[in-house]
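Q: What follows is a single structure, and I will ask about it in a moment.
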Amino acid sequence: MTSPTTITWHAHEPLAPLTSWRIGGPARRFTVVHDPAALQMAVAQADALGLRWFILGGGSNLLVPDHGWNGAVIRYRDRRCEIERHGDAGLALIGAGAPMAGTARRLAHLGWAGLEWAEGLPGTIGGAVFGNAGCYGGDTASTLEYATLLVDGTLERWNIARLDYGYRTSALKRRPGDAPRPVILGAAIRLQRSDPVELARRMELTASLRRSRTPWGASCGSVFKNPPGESAGRLIEAVGLKNSRSGQAMIAQEHANYIINLGQASSDDVLRLIDQARERVLSHFGITLELEVQLL
Ligand SMILES: Cc1cc2nc3c(=O)[nH]c(=O)nc-3n(C[C@H](O)[C@H](O)[C@H](O)COP(=O)(O)OP(=O)(O)OC[C@H]3O[C@@H](n4cnc5c(N)ncnc54)[C@H](O)[C@@H]3O)c2cc1C
């Protein structure tokens, strides 16, 4: 890694505008870094100051509390994308701060298939690697060759076995709070040559499906994971919680696994709806709903 320039820390940076839910208070310290060396320096500085740190991607799967985060938030924005070509196959080496959907489009435009399922998927490569994001017939686990990570100051390459993926989860997401927290620096995604026109057609189909199924308004996507063989949205709808409100948060009419911020929702508004959905689904169906969204 080359030596970075200085890290600029901002005090009391509001986090709400950096999340898709538009909810949450400020971070005690905040910085944006664009390459692995700067990221490593930011982490080292936060450690030296005794501050807990948190890596923010696109903020599209995150509930930030109203009182904010009494530590350092580091937003990682490395968006580089290089392609290694091996005949009709390829490997895209993508920075963890690259947007998932934008990168999928860019690759498709260049005639590379592999990430087209991610059309319209909010968030970054890093967030997708962390939580095994997936949709419309694909997921991160099935397209990833390996991820590069910064673990306790050391650069490591983790393959799929080590990432131990499951449905919307990974070894990184399951890691206990006191274990060293790996930072995802980038991902190597497997590609195949394909017809860009055909890829564009398939992605437009996905985009229109997504538009028709996504409730309007600020959200984090699905709040809960689907229990095995079930749909969390169907269960929440069946217990009569569609359109339920807590303050400025509302369970969506179009899809009951979405909680919409009607404008000024607080994290407590959202948490009350989460508790209500969990309690009712448990008492009616004996099923415990597990959160998909990350609570900061
Ligand atoms: C409208 C809408 C629709 C959605 N649809 C889907 C869908 O179809 N399928 C799906 O799977 N998800 C969906 N989501 C959820 C979200 O898009 C994914 O979970 C996404 O992968 C989150 O990425 P992010 O960069 O926004 O992560 P963030 O929300 O920023 O962070 C989520 C977690 O990842 C960690 N993280 C992020 N980057 C790094 C890094 N570089 N190193 C270490 N940890 C990191 C964070 O620390 C945090 O714990 C949807 C969300 C919205 C708002």
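In the structure tokens, each chain is lettered A, B, ... as it comes, each chain's residues begin at 1, and ligands are numbered from 1 in order of appearance.
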Using only C-alpha atoms and all ligand atoms, which residues of the polymer chains come no farther than 6 Å from ligand 1? I'd like the answer as a list in words.
A: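 Those within range of ligand 1 are Ser20, Phe54, Ile55, Leu56, Gly57, Gly58, Gly59, Ser60, Asn61, Leu62, Ala96, Leu121, Pro122, Gly123, Thr124, Gly126, Gly127, Ala128, Phe130, Ala133, Gly134, Cys135, Val183, Ile184, Leu185, Ser219, Cys220, Gly221 and Gln294 of chain A.
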Q: Please list as a ChimeraX atom specification every residue within 10 Å of Glu84 in chain A, counting only C-alpha atoms and excluding residues in the same chain fewer than 4 positions away.
A: /A:89-93,188,190-191
Q: Give me, as a compact mmCIF listing (two decimals) with N, CA and C atoms, in the first residue's frame, all polymer residues having an atom no more than 10 Å from Pro227 in chain A, counting only C-alpha atoms and skipping those fewer than 2 positions away in the same chain.
A:
```
# COMPACT_ATOMS: atom_id res chain seq x y z
N PHE A 224 -36.80 -7.83 7.69
CA PHE A 224 -36.56 -9.17 8.25
C PHE A 224 -36.13 -10.11 7.13
N LYS A 225 -35.39 -11.16 7.54
CA LYS A 225 -35.10 -12.26 6.60
C LYS A 225 -36.37 -13.08 6.45
N GLY A 229 -38.89 -21.33 4.01
CA GLY A 229 -40.16 -21.71 3.37
C GLY A 229 -41.28 -20.70 3.56
N GLU A 230 -40.98 -19.53 4.10
CA GLU A 230 -42.02 -18.53 4.37
C GLU A 230 -41.60 -17.17 3.82
N SER A 231 -42.54 -16.25 3.81
CA SER A 231 -42.22 -14.88 3.44
C SER A 231 -42.53 -14.00 4.65
N ALA A 232 -41.52 -13.25 5.09
CA ALA A 232 -41.72 -12.39 6.26
C ALA A 232 -42.87 -11.40 6.00
N LEU A 235 -46.25 -13.01 6.50
CA LEU A 235 -46.57 -13.23 7.91
C LEU A 235 -47.00 -11.92 8.58
N ILE A 287 -43.27 -18.26 15.00
CA ILE A 287 -42.04 -18.05 14.20
C ILE A 287 -41.33 -16.80 14.70
N THR A 288 -40.03 -16.93 14.94
CA THR A 288 -39.24 -15.77 15.37
C THR A 288 -38.64 -15.12 14.13
N LEU A 289 -39.00 -13.88 13.90
CA LEU A 289 -38.45 -13.16 12.73
C LEU A 289 -37.05 -12.66 13.07
N GLU A 290 -36.13 -12.91 12.14
CA GLU A 290 -34.74 -12.49 12.34
C GLU A 290 -34.49 -11.25 11.50
```
Q: For Glu279 in chain A, which residue out of A:Ile236, A:Leu262, A:Ala147, A:Tyr167 is the nearest one, using only C-alpha atoms?
A: A:Ile236
Q: Leaving out Ile160 in chain A and any residue of its chain fewer than 3 positions from it, which residues lie within 12 Å of it when counting only C-alpha atoms, given as JSON, numbers by chain?
A: {"A": [129, 130, 132, 140, 141, 142, 143, 144, 145, 146, 147, 148, 157, 163, 164, 165, 166, 170, 171, 172, 187, 188, 189]}
Q: Write the residues you've just listed into a file as a tab-separated table (two decimals), in the first residue's frame, and include C-alpha atoms for each of them.
A:
```tsv
chain	number	residue	atom	x	y	z
A	129	VAL	CA	-20.01	-9.02	0.41
A	130	PHE	CA	-20.72	-8.43	4.10
A	132	ASN	CA	-24.48	-11.79	0.92
A	140	THR	CA	-23.02	-12.40	-3.94
A	141	ALA	CA	-21.92	-15.84	-2.78
A	142	SER	CA	-22.53	-17.39	-6.19
A	143	THR	CA	-20.57	-14.74	-8.14
A	144	LEU	CA	-17.67	-14.00	-5.80
A	145	GLU	CA	-14.26	-15.63	-6.31
A	146	TYR	CA	-12.70	-14.04	-3.24
A	147	ALA	CA	-12.77	-10.87	-1.13
A	148	THR	CA	-9.76	-8.88	0.04
A	157	ARG	CA	-7.73	-12.87	0.85
A	163	LEU	CA	-16.69	-16.33	4.13
A	164	ASP	CA	-19.10	-19.15	5.04
A	165	TYR	CA	-22.10	-17.62	3.30
A	166	GLY	CA	-25.71	-18.32	4.12
A	170	SER	CA	-21.63	-14.44	6.23
A	171	ALA	CA	-18.81	-15.18	8.64
A	172	LEU	CA	-18.24	-11.40	8.69
A	187	ALA	CA	-14.07	-8.24	-4.28
A	188	ALA	CA	-13.11	-10.43	-7.22
A	189	ILE	CA	-16.23	-11.25	-9.22
```
Q: Considering only C-alpha atoms, can you say which of A:Ile23, A:Ala108, A:Met41, A:Ala16 comes closest to Ala249 in chain A?
A: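 Smallest distance to Ala249 in chain A is found for A:Ile23.
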Q: Kindly give the distance, in Å, that separates CA of Ala200 in chain A and CA of Gly111 in chain A, rounded to a single decimal.
A: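 CA of Gly111 in chain A lies 9.5 Å from CA of Ala200 in chain A.
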Q: Among range 72-285 of chain A, which residues carry a DSSP assignment of alpha helix (DSSP H), reported as a ChimeraX atom specification?
A: /A:100-109,125-131,140-143,160-163,171-174,196-213,232-238,267-285
Q: Would you mind listing what lies within 12 Å of Val197 in chain A as a list in words, with only C-alpha atoms counted and same-chain residues fewer than 3 positions away left out?
A: Arg105, Ala108, His109, Leu110, Gly111, Trp112, Ala113, Ser194, Ala200, Arg201, Arg202, Met203 and Glu204 of chain A
Q: Quick one: everything within 12 Å of Glu237 in chain A, counting only C-alpha atoms, minus sequence neighbours fewer than 2 positions away in the same chain. Send it as a list of chain:residue names.
A: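 Here the answer would be A:Ser231, A:Ala232, A:Gly233, A:Arg234, A:Leu235, A:Val239, A:Gly240, A:Leu241, A:Lys242, A:Asn243, A:Ser244, A:Ile251, A:Ala252, A:Gln253, A:Glu254, A:His255, A:Ala256, A:Asn257, A:Tyr258, A:Ala277, A:Arg280, A:Val281, A:His284.
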Q: Check range 10-220 of chain A with DSSP on the backbone and list each residue it calls strand (DSSP E), as a ChimeraX atom specification.
A: /A:10-14,26-33,53-56,62-63,69-76,81-86,89-95,112-113,134-135,138-139,144-151,154-159,183-193
Q: CA of Gly71 in chain A and CA of Asp275 in chain A, how far apart in Å?
A: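 Between CA of Asp275 in chain A and CA of Gly71 in chain A the gap is 26.5 Å.
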